[in-house]
Amino acid sequence: MTHPAAHPDPQNLQLYVRVLENVEDAVVALDPVGRFTLINPAAEACTGISRRLALGRTFEDLFQGQEALCSLIRAALSEGRSIFNYEDILLHRPTAAPVPVSVSVSPLLTNAGDQDGVVMILRDLSRVRELEEAVRRADRLSMVGTMAAGLAHEIKNPLGGIKGAAQLLDRDTAEQSHLKEYTRVMIREVERVNSIIEELMDLASPRQPEMGEVHLGKMLGDIVLFQKEALRHKEVDFSLRLDPSIPPIRGDEHLLTRLFLNLIKNAGEAITHRGTIEILSRVASEYHVNQPGHRPVPFIVVEVRDTGKGISPSQMEQIFTPFFTTKTKGSGLGLAICQKIVSEHRGFLKVDSHPGKGSIFTVSLPFCR
């Protein structure tokens with residue numbers, strides 16, 4: 001009697017092919033000597049290696065210098081056992097930045113049970129790391145917010161008394177007196193400290209967003225209109241590439257306006273004399289928010305790109321830390337508040353920047369109607 005697996009159903013074969021073509025994980029098959037025999041589209045995207053280039057070549061040839069990955073494949077080929085690596089392996093790619101991946105390698109067996117190579121599955125962990133970093137930033141902001149609430153309360157009352165006394169002194173001082181200059185400096189500096197306290201209170205505020213219908217395209221267009229005027233003294237070109245098919249989303253219009261205004265203002269300040277600010281929007285169907293009892297919700301992504309001076313690696317580690325700033329004037333709370341607004345909308349804020357090559361701030365918001 002012939003075993004059914006000896007003559008597989010052509011329809012089943014087509015199904016297997018479609019599954020491999022559409023699965024999100026990168027799947028690679030290697031023969032007993034380590035040559036590529038299969039690479040699905042997700043693997044092409046993950047490794048940066050095309051199917052035409054990969055098929056027939058060995059993993060040691062295509063993964064030169066990547067000893068951690070090669071050693072796993074060698075072990076699976078020689079020992080005939082499954083190997084799971086849950087630690088990050090940094091996968092270097094020929095035409096793109098390296099990505100952290102998890103790797104599992106399993107023997108590929110024939111119907112008779114003989115080993116006929118290995119199957120390797122790669123999973124891109126870059127998005128997972130971004131989410132983990134967003135959670136860590138949110139936790140840090142929560143602690144800072146608790147401290148800020150108490151600090152603001154303790155400082156705001158005596159600050160009001162100081163300002164009131166300075167205003168009385170200013171009123172009773174003759175206009176020609178040299179003391180007039182000192183009283184006005186006192187009032188101005190108290191107002192500056194008070195604005196920082198108010199920003200701290202915003203950071204610590206437990207107020208829930210007032211959700212309503214938000215037209216992102218109109219909002220971004222209005223912000224750009226105002227910022228063109230504010231940056232008239234610089235040669236800054238604005239480019240709006242917004243997806244017109246994106247309908248209104250659910251969000252707090254006041255908070256989202258503040259978020260994007262801050263990011264676009266920062267982009268303008270990063271440009272010294274001449275440059276470009278580009279704002280893009282799109283639907284990111286590759287990522288979803290899963291809610292019990294509901295269909296998965298995709299993300300709306302808005303990118304704010306500038307051709308400014310960029311951010312150094314040491315500064316990148318601290319830019320979301322409250323009170324850290326590279327500006328001569330500024331409280332260092334702007335990006336911390338942006339992070340808080342995005343978190344309140346169940347979204348994510350990411351930055352990619354290199355010195356001298358500009359910055360890209362990416363806001364991902366759930367596409368809720």
# chains A, B, ... in the order shown; residues from 1 in each chain; ligands from 1

call {"tool": "residues_around", "arguments": {"residues": "stretch 235-251 of chain A", "least_positions_apart": "5", "cutoff": "6 Å", "atoms": "only C-alpha atoms", "output": "ChimeraX atom specification"}}
result
/A:211-215,274-282,368-369

call {"tool": "write_last_selection", "arguments": {"atoms": "C-alpha atoms", "output": "PDB file, in the first residue's frame"}}
result
ATOM      1  CA  MET A 211     -11.426  61.672  22.487  1.00  0.00           C
ATOM      2  CA  GLY A 212     -13.158  62.937  19.397  1.00  0.00           C
ATOM      3  CA  GLU A 213     -12.853  62.973  15.620  1.00  0.00           C
ATOM      4  CA  VAL A 214      -9.454  64.201  14.424  1.00  0.00           C
ATOM      5  CA  HIS A 215      -8.647  65.031  10.784  1.00  0.00           C
ATOM      6  CA  ARG A 274      18.662  75.987   4.768  1.00  0.00           C
ATOM      7  CA  GLY A 275      16.913  72.619   4.587  1.00  0.00           C
ATOM      8  CA  THR A 276      13.753  70.606   4.099  1.00  0.00           C
ATOM      9  CA  ILE A 277      11.039  69.353   6.432  1.00  0.00           C
ATOM     10  CA  GLU A 278       8.988  66.495   5.033  1.00  0.00           C
ATOM     11  CA  ILE A 279       5.782  65.213   6.656  1.00  0.00           C
ATOM     12  CA  LEU A 280       4.342  61.882   5.502  1.00  0.00           C
ATOM     13  CA  SER A 281       1.313  59.874   6.561  1.00  0.00           C
ATOM     14  CA  ARG A 282       0.316  56.303   5.689  1.00  0.00           C
ATOM     15  CA  CYS A 368      -9.503  53.788  15.642  1.00  0.00           C
ATOM     16  CA  ARG A 369     -12.694  55.329  14.239  1.00  0.00           C
TER      17      ARG A 369
END

call {"tool": "residues_around", "arguments": {"residues": "A:Ala75", "least_positions_apart": "5", "cutoff": "12 Å", "atoms": "only C-alpha atoms", "output": "PyMOL selection string"}}
result
chain A and resi 32+34+67-70+80-84+104-107+117-118

call {"tool": "residues_around", "arguments": {"residues": "A:Ser71", "least_positions_apart": "4", "cutoff": "12 Å", "atoms": "only C-alpha atoms", "output": "list in words"}}
result
Gly34, Phe59, Glu60, Phe63, Gln64, Gly65, Gln66, Glu67, Ala75, Ala76, Leu77, Ser78, Glu79, Ile83, Asn85, Ile89, Val103 and Val105 of chain A

call {"tool": "write_last_selection", "arguments": {"atoms": "N, CA, C and O atoms", "output": "PDB file, in the first residue's frame"}}
result
ATOM      1  N   GLY A  34      24.492  22.749   3.083  1.00  0.00           N
ATOM      2  CA  GLY A  34      24.318  24.143   3.478  1.00  0.00           C
ATOM      3  C   GLY A  34      23.994  25.095   2.361  1.00  0.00           C
ATOM      4  O   GLY A  34      24.120  26.317   2.528  1.00  0.00           O
ATOM      5  N   PHE A  59      25.274  29.002   2.933  1.00  0.00           N
ATOM      6  CA  PHE A  59      25.011  30.000   3.986  1.00  0.00           C
ATOM      7  C   PHE A  59      26.305  30.684   4.418  1.00  0.00           C
ATOM      8  O   PHE A  59      26.306  31.867   4.771  1.00  0.00           O
ATOM      9  N   GLU A  60      27.446  29.952   4.394  1.00  0.00           N
ATOM     10  CA  GLU A  60      28.718  30.557   4.810  1.00  0.00           C
ATOM     11  C   GLU A  60      29.166  31.632   3.816  1.00  0.00           C
ATOM     12  O   GLU A  60      29.837  32.590   4.187  1.00  0.00           O
ATOM     13  N   PHE A  63      26.407  34.575   4.502  1.00  0.00           N
ATOM     14  CA  PHE A  63      26.441  35.123   5.859  1.00  0.00           C
ATOM     15  C   PHE A  63      27.882  35.266   6.356  1.00  0.00           C
ATOM     16  O   PHE A  63      28.191  34.966   7.509  1.00  0.00           O
ATOM     17  N   GLN A  64      28.755  35.728   5.479  1.00  0.00           N
ATOM     18  CA  GLN A  64      30.166  35.887   5.851  1.00  0.00           C
ATOM     19  C   GLN A  64      30.317  36.834   7.032  1.00  0.00           C
ATOM     20  O   GLN A  64      29.710  37.898   7.079  1.00  0.00           O
ATOM     21  N   GLY A  65      31.153  36.421   7.998  1.00  0.00           N
ATOM     22  CA  GLY A  65      31.424  37.263   9.157  1.00  0.00           C
ATOM     23  C   GLY A  65      30.378  37.191  10.238  1.00  0.00           C
ATOM     24  O   GLY A  65      30.537  37.808  11.293  1.00  0.00           O
ATOM     25  N   GLN A  66      29.290  36.448  10.017  1.00  0.00           N
ATOM     26  CA  GLN A  66      28.220  36.350  11.014  1.00  0.00           C
ATOM     27  C   GLN A  66      28.314  34.980  11.706  1.00  0.00           C
ATOM     28  O   GLN A  66      27.513  34.082  11.482  1.00  0.00           O
ATOM     29  N   GLU A  67      29.326  34.873  12.556  1.00  0.00           N
ATOM     30  CA  GLU A  67      29.678  33.591  13.143  1.00  0.00           C
ATOM     31  C   GLU A  67      28.587  33.031  14.046  1.00  0.00           C
ATOM     32  O   GLU A  67      28.363  31.815  14.081  1.00  0.00           O
ATOM     33  N   ALA A  75      25.714  23.524  13.582  1.00  0.00           N
ATOM     34  CA  ALA A  75      25.357  22.570  14.632  1.00  0.00           C
ATOM     35  C   ALA A  75      24.118  21.769  14.243  1.00  0.00           C
ATOM     36  O   ALA A  75      24.058  20.544  14.440  1.00  0.00           O
ATOM     37  N   ALA A  76      23.114  22.439  13.662  1.00  0.00           N
ATOM     38  CA  ALA A  76      21.894  21.741  13.259  1.00  0.00           C
ATOM     39  C   ALA A  76      22.173  20.751  12.126  1.00  0.00           C
ATOM     40  O   ALA A  76      21.632  19.642  12.102  1.00  0.00           O
ATOM     41  N   LEU A  77      23.042  21.131  11.179  1.00  0.00           N
ATOM     42  CA  LEU A  77      23.382  20.233  10.069  1.00  0.00           C
ATOM     43  C   LEU A  77      24.168  19.015  10.543  1.00  0.00           C
ATOM     44  O   LEU A  77      23.921  17.890  10.106  1.00  0.00           O
ATOM     45  N   SER A  78      25.121  19.227  11.445  1.00  0.00           N
ATOM     46  CA  SER A  78      25.997  18.128  11.862  1.00  0.00           C
ATOM     47  C   SER A  78      25.358  17.238  12.926  1.00  0.00           C
ATOM     48  O   SER A  78      25.590  16.026  12.945  1.00  0.00           O
ATOM     49  N   GLU A  79      24.544  17.819  13.805  1.00  0.00           N
ATOM     50  CA  GLU A  79      23.994  17.059  14.919  1.00  0.00           C
ATOM     51  C   GLU A  79      22.570  16.570  14.667  1.00  0.00           C
ATOM     52  O   GLU A  79      22.061  15.718  15.403  1.00  0.00           O
ATOM     53  N   ILE A  83      17.551  23.530  17.101  1.00  0.00           N
ATOM     54  CA  ILE A  83      18.250  24.498  17.954  1.00  0.00           C
ATOM     55  C   ILE A  83      17.433  25.778  17.956  1.00  0.00           C
ATOM     56  O   ILE A  83      17.122  26.334  16.904  1.00  0.00           O
ATOM     57  N   ASN A  85      17.303  29.627  19.378  1.00  0.00           N
ATOM     58  CA  ASN A  85      18.076  30.711  19.982  1.00  0.00           C
ATOM     59  C   ASN A  85      17.135  31.873  20.249  1.00  0.00           C
ATOM     60  O   ASN A  85      16.679  32.538  19.331  1.00  0.00           O
ATOM     61  N   ILE A  89      20.337  37.876  17.849  1.00  0.00           N
ATOM     62  CA  ILE A  89      21.483  37.790  16.947  1.00  0.00           C
ATOM     63  C   ILE A  89      21.358  38.967  15.996  1.00  0.00           C
ATOM     64  O   ILE A  89      20.297  39.201  15.417  1.00  0.00           O
ATOM     65  N   VAL A 103      16.366  33.168  16.139  1.00  0.00           N
ATOM     66  CA  VAL A 103      16.643  32.135  15.142  1.00  0.00           C
ATOM     67  C   VAL A 103      16.255  30.768  15.697  1.00  0.00           C
ATOM     68  O   VAL A 103      16.545  30.451  16.844  1.00  0.00           O
ATOM     69  N   VAL A 105      16.525  26.673  14.174  1.00  0.00           N
ATOM     70  CA  VAL A 105      16.969  25.817  13.068  1.00  0.00           C
ATOM     71  C   VAL A 105      16.555  24.396  13.392  1.00  0.00           C
ATOM     72  O   VAL A 105      16.834  23.888  14.485  1.00  0.00           O
TER      73      VAL A 105
END

call {"tool": "atom_distance", "arguments": {"atom1": "atom CA of A:Phe320", "atom2": "atom CA of A:Glu133"}}
result
10.9 Å

call {"tool": "residues_around", "arguments": {"residues": "A:Arg57", "least_positions_apart": "4", "cutoff": "7 Å", "atoms": "only C-alpha atoms", "output": "number ranges by chain"}}
result
A: 35-36, 61

call {"tool": "atom_distance", "arguments": {"atom1": "atom CA of A:Gly221", "atom2": "atom CA of A:Phe260"}}
result
10.8 Å

call {"tool": "residues_around", "arguments": {"residues": "A:Gly308", "least_positions_apart": "4", "cutoff": "8 Å", "atoms": "only C-alpha atoms", "output": "list of chain:residue names"}}
result
A:Ala267, A:Gly268, A:Ala270, A:Ile271, A:Thr272, A:Gly275, A:Gly356, A:Lys357, A:Gly358, A:Ser359

call {"tool": "write_last_selection", "arguments": {"atoms": "N, CA and C atoms", "output": "PDB file, in the first residue's frame"}}
result
ATOM      1  N   ALA A 267      11.981  70.116  14.318  1.00  0.00           N
ATOM      2  CA  ALA A 267      12.598  69.906  13.008  1.00  0.00           C
ATOM      3  C   ALA A 267      13.111  71.225  12.437  1.00  0.00           C
ATOM      4  N   GLY A 268      12.308  72.287  12.585  1.00  0.00           N
ATOM      5  CA  GLY A 268      12.728  73.604  12.105  1.00  0.00           C
ATOM      6  C   GLY A 268      13.939  74.129  12.854  1.00  0.00           C
ATOM      7  N   ALA A 270      16.237  72.336  14.203  1.00  0.00           N
ATOM      8  CA  ALA A 270      17.416  71.519  13.875  1.00  0.00           C
ATOM      9  C   ALA A 270      18.094  71.988  12.596  1.00  0.00           C
ATOM     10  N   ILE A 271      17.373  72.756  11.760  1.00  0.00           N
ATOM     11  CA  ILE A 271      17.935  73.277  10.507  1.00  0.00           C
ATOM     12  C   ILE A 271      18.556  74.637  10.772  1.00  0.00           C
ATOM     13  N   THR A 272      19.843  74.753  10.475  1.00  0.00           N
ATOM     14  CA  THR A 272      20.559  75.991  10.806  1.00  0.00           C
ATOM     15  C   THR A 272      20.164  77.137   9.883  1.00  0.00           C
ATOM     16  N   GLY A 275      17.209  74.049   4.496  1.00  0.00           N
ATOM     17  CA  GLY A 275      16.913  72.619   4.587  1.00  0.00           C
ATOM     18  C   GLY A 275      15.470  72.319   4.225  1.00  0.00           C
ATOM     19  N   GLY A 356      24.594  65.063  11.086  1.00  0.00           N
ATOM     20  CA  GLY A 356      24.810  65.608   9.750  1.00  0.00           C
ATOM     21  C   GLY A 356      23.858  65.092   8.695  1.00  0.00           C
ATOM     22  N   LYS A 357      22.971  64.139   9.050  1.00  0.00           N
ATOM     23  CA  LYS A 357      22.067  63.557   8.056  1.00  0.00           C
ATOM     24  C   LYS A 357      20.597  63.749   8.402  1.00  0.00           C
ATOM     25  N   GLY A 358      20.309  64.567   9.416  1.00  0.00           N
ATOM     26  CA  GLY A 358      18.921  64.834   9.753  1.00  0.00           C
ATOM     27  C   GLY A 358      18.317  63.784  10.671  1.00  0.00           C
ATOM     28  N   SER A 359      17.027  63.946  10.928  1.00  0.00           N
ATOM     29  CA  SER A 359      16.308  63.072  11.862  1.00  0.00           C
ATOM     30  C   SER A 359      14.944  62.697  11.291  1.00  0.00           C
TER      31      SER A 359
END

call {"tool": "atom_distance", "arguments": {"atom1": "atom CA of A:Arg127", "atom2": "atom CA of A:Glu24"}}
result
13.1 Å

call {"tool": "select_by_dssp", "arguments": {"residues": "stretch 16-114 of chain A", "states": "helix (DSSP H, G or I)", "output": "PyMOL selection string"}}
result
chain A and resi 16-22+41-47+51-54+59-62+67-79

call {"tool": "write_last_selection", "arguments": {"atoms": "N, CA and C atoms", "output": "short mmCIF file (atom, residue, chain, number, x, y, z; two decimals), in the first residue's frame"}}
result
data_model
loop_
_atom_site.label_atom_id
_atom_site.label_comp_id
_atom_site.auth_asym_id
_atom_site.auth_seq_id
_atom_site.Cartn_x
_atom_site.Cartn_y
_atom_site.Cartn_z
N TYR A 16 0.63 24.82 0.52
CA TYR A 16 1.89 24.99 1.25
C TYR A 16 2.71 26.15 0.67
N VAL A 17 2.72 26.24 -0.65
CA VAL A 17 3.47 27.32 -1.30
C VAL A 17 2.89 28.67 -0.92
N ARG A 18 1.54 28.78 -0.94
CA ARG A 18 0.91 30.05 -0.59
C ARG A 18 1.18 30.43 0.87
N VAL A 19 1.16 29.43 1.74
CA VAL A 19 1.45 29.69 3.16
C VAL A 19 2.86 30.24 3.31
N LEU A 20 3.84 29.59 2.67
CA LEU A 20 5.23 30.05 2.76
C LEU A 20 5.40 31.44 2.15
N GLU A 21 4.67 31.71 1.06
CA GLU A 21 4.80 33.01 0.41
C GLU A 21 4.22 34.13 1.25
N ASN A 22 3.22 33.82 2.08
CA ASN A 22 2.51 34.88 2.81
C ASN A 22 2.80 34.94 4.30
N PRO A 41 9.51 35.21 0.60
CA PRO A 41 9.61 36.68 0.49
C PRO A 41 9.96 37.37 1.80
N ALA A 42 9.43 36.87 2.93
CA ALA A 42 9.75 37.48 4.22
C ALA A 42 11.23 37.34 4.53
N ALA A 43 11.82 36.21 4.13
CA ALA A 43 13.26 36.00 4.34
C ALA A 43 14.09 36.92 3.45
N GLU A 44 13.61 37.15 2.22
CA GLU A 44 14.30 38.10 1.34
C GLU A 44 14.33 39.49 1.97
N ALA A 45 13.18 39.91 2.52
CA ALA A 45 13.10 41.23 3.14
C ALA A 45 13.94 41.31 4.40
N CYS A 46 13.94 40.23 5.19
CA CYS A 46 14.65 40.23 6.46
C CYS A 46 16.16 40.22 6.27
N THR A 47 16.65 39.37 5.35
CA THR A 47 18.09 39.23 5.16
C THR A 47 18.67 40.23 4.18
N ARG A 51 16.05 36.04 -3.77
CA ARG A 51 15.96 34.62 -4.07
C ARG A 51 16.92 34.23 -5.19
N ARG A 52 17.02 35.07 -6.21
CA ARG A 52 17.90 34.78 -7.35
C ARG A 52 19.36 34.69 -6.91
N LEU A 53 19.75 35.55 -5.96
CA LEU A 53 21.13 35.54 -5.47
C LEU A 53 21.38 34.37 -4.52
N ALA A 54 20.34 33.98 -3.75
CA ALA A 54 20.54 33.00 -2.68
C ALA A 54 20.56 31.57 -3.17
N PHE A 59 25.27 29.00 2.93
CA PHE A 59 25.01 30.00 3.99
C PHE A 59 26.30 30.68 4.42
N GLU A 60 27.45 29.95 4.39
CA GLU A 60 28.72 30.56 4.81
C GLU A 60 29.17 31.63 3.82
N ASP A 61 28.77 31.47 2.57
CA ASP A 61 29.09 32.46 1.55
C ASP A 61 28.24 33.72 1.74
N LEU A 62 26.94 33.54 1.99
CA LEU A 62 26.03 34.68 2.09
C LEU A 62 26.03 35.33 3.47
N GLU A 67 29.33 34.87 12.56
CA GLU A 67 29.68 33.59 13.14
C GLU A 67 28.59 33.03 14.05
N ALA A 68 27.89 33.89 14.79
CA ALA A 68 26.85 33.41 15.70
C ALA A 68 25.76 32.68 14.94
N LEU A 69 25.34 33.24 13.81
CA LEU A 69 24.30 32.62 12.99
C LEU A 69 24.83 31.36 12.31
N CYS A 70 26.03 31.43 11.76
CA CYS A 70 26.59 30.28 11.04
C CYS A 70 26.81 29.10 11.97
N SER A 71 27.22 29.36 13.22
CA SER A 71 27.47 28.26 14.15
C SER A 71 26.20 27.50 14.47
N LEU A 72 25.07 28.20 14.55
CA LEU A 72 23.79 27.52 14.79
C LEU A 72 23.43 26.60 13.63
N ILE A 73 23.63 27.09 12.40
CA ILE A 73 23.30 26.28 11.22
C ILE A 73 24.22 25.06 11.15
N ARG A 74 25.53 25.26 11.40
CA ARG A 74 26.47 24.14 11.37
C ARG A 74 26.08 23.07 12.37
N ALA A 75 25.71 23.52 13.58
CA ALA A 75 25.36 22.57 14.63
C ALA A 75 24.12 21.77 14.24
N ALA A 76 23.11 22.44 13.66
CA ALA A 76 21.89 21.74 13.26
C ALA A 76 22.17 20.75 12.13
N LEU A 77 23.04 21.13 11.18
CA LEU A 77 23.38 20.23 10.07
C LEU A 77 24.17 19.02 10.54
N SER A 78 25.12 19.23 11.45
CA SER A 78 26.00 18.13 11.86
C SER A 78 25.36 17.24 12.93
N GLU A 79 24.54 17.82 13.80
CA GLU A 79 23.99 17.06 14.92
C GLU A 79 22.57 16.57 14.67
#

call {"tool": "decode", "arguments": {"residues": "stretch 8-70 of chain A", "atoms": "C-alpha atoms", "output": "CSV table (one decimal), in the first residue's frame"}}
result
chain,number,residue,atom,x,y,z
A,8,PRO,CA,1.0,14.6,-2.2
A,9,ASP,CA,-2.1,16.3,-3.5
A,10,PRO,CA,-1.2,19.1,-5.9
A,11,GLN,CA,-3.8,21.3,-4.2
A,12,ASN,CA,-2.1,20.8,-0.9
A,13,LEU,CA,1.3,21.6,-2.5
A,14,GLN,CA,-0.2,24.9,-3.8
A,15,LEU,CA,-1.5,25.6,-0.3
A,16,TYR,CA,1.9,25.0,1.2
A,17,VAL,CA,3.5,27.3,-1.3
A,18,ARG,CA,0.9,30.1,-0.6
A,19,VAL,CA,1.4,29.7,3.2
A,20,LEU,CA,5.2,30.0,2.8
A,21,GLU,CA,4.8,33.0,0.4
A,22,ASN,CA,2.5,34.9,2.8
A,23,VAL,CA,3.8,34.0,6.3
A,24,GLU,CA,5.4,36.9,8.1
A,25,ASP,CA,8.3,35.0,9.5
A,26,ALA,CA,11.4,34.5,7.4
A,27,VAL,CA,11.8,30.8,6.3
A,28,VAL,CA,14.9,29.4,4.7
A,29,ALA,CA,15.6,25.8,3.7
A,30,LEU,CA,19.2,24.5,3.2
A,31,ASP,CA,20.4,21.2,1.7
A,32,PRO,CA,22.8,18.8,3.6
A,33,VAL,CA,25.8,20.8,2.5
A,34,GLY,CA,24.3,24.1,3.5
A,35,ARG,CA,23.2,25.4,0.1
A,36,PHE,CA,20.0,27.5,-0.1
A,37,THR,CA,17.1,25.6,-1.6
A,38,LEU,CA,14.2,27.8,-0.6
A,39,ILE,CA,13.8,31.4,0.7
A,40,ASN,CA,10.4,33.0,1.1
A,41,PRO,CA,9.6,36.7,0.5
A,42,ALA,CA,9.7,37.5,4.2
A,43,ALA,CA,13.3,36.0,4.3
A,44,GLU,CA,14.3,38.1,1.3
A,45,ALA,CA,13.1,41.2,3.1
A,46,CYS,CA,14.6,40.2,6.5
A,47,THR,CA,18.1,39.2,5.2
A,48,GLY,CA,18.3,41.7,2.3
A,49,ILE,CA,19.2,38.8,0.0
A,50,SER,CA,17.1,38.1,-3.1
A,51,ARG,CA,16.0,34.6,-4.1
A,52,ARG,CA,17.9,34.8,-7.3
A,53,LEU,CA,21.1,35.5,-5.5
A,54,ALA,CA,20.5,33.0,-2.7
A,55,LEU,CA,19.4,29.8,-4.4
A,56,GLY,CA,22.3,27.4,-4.9
A,57,ARG,CA,24.8,29.3,-2.7
A,58,THR,CA,26.0,28.3,0.8
A,59,PHE,CA,25.0,30.0,4.0
A,60,GLU,CA,28.7,30.6,4.8
A,61,ASP,CA,29.1,32.5,1.5
A,62,LEU,CA,26.0,34.7,2.1
A,63,PHE,CA,26.4,35.1,5.9
A,64,GLN,CA,30.2,35.9,5.9
A,65,GLY,CA,31.4,37.3,9.2
A,66,GLN,CA,28.2,36.4,11.0
A,67,GLU,CA,29.7,33.6,13.1
A,68,ALA,CA,26.9,33.4,15.7
A,69,LEU,CA,24.3,32.6,13.0
A,70,CYS,CA,26.6,30.3,11.0
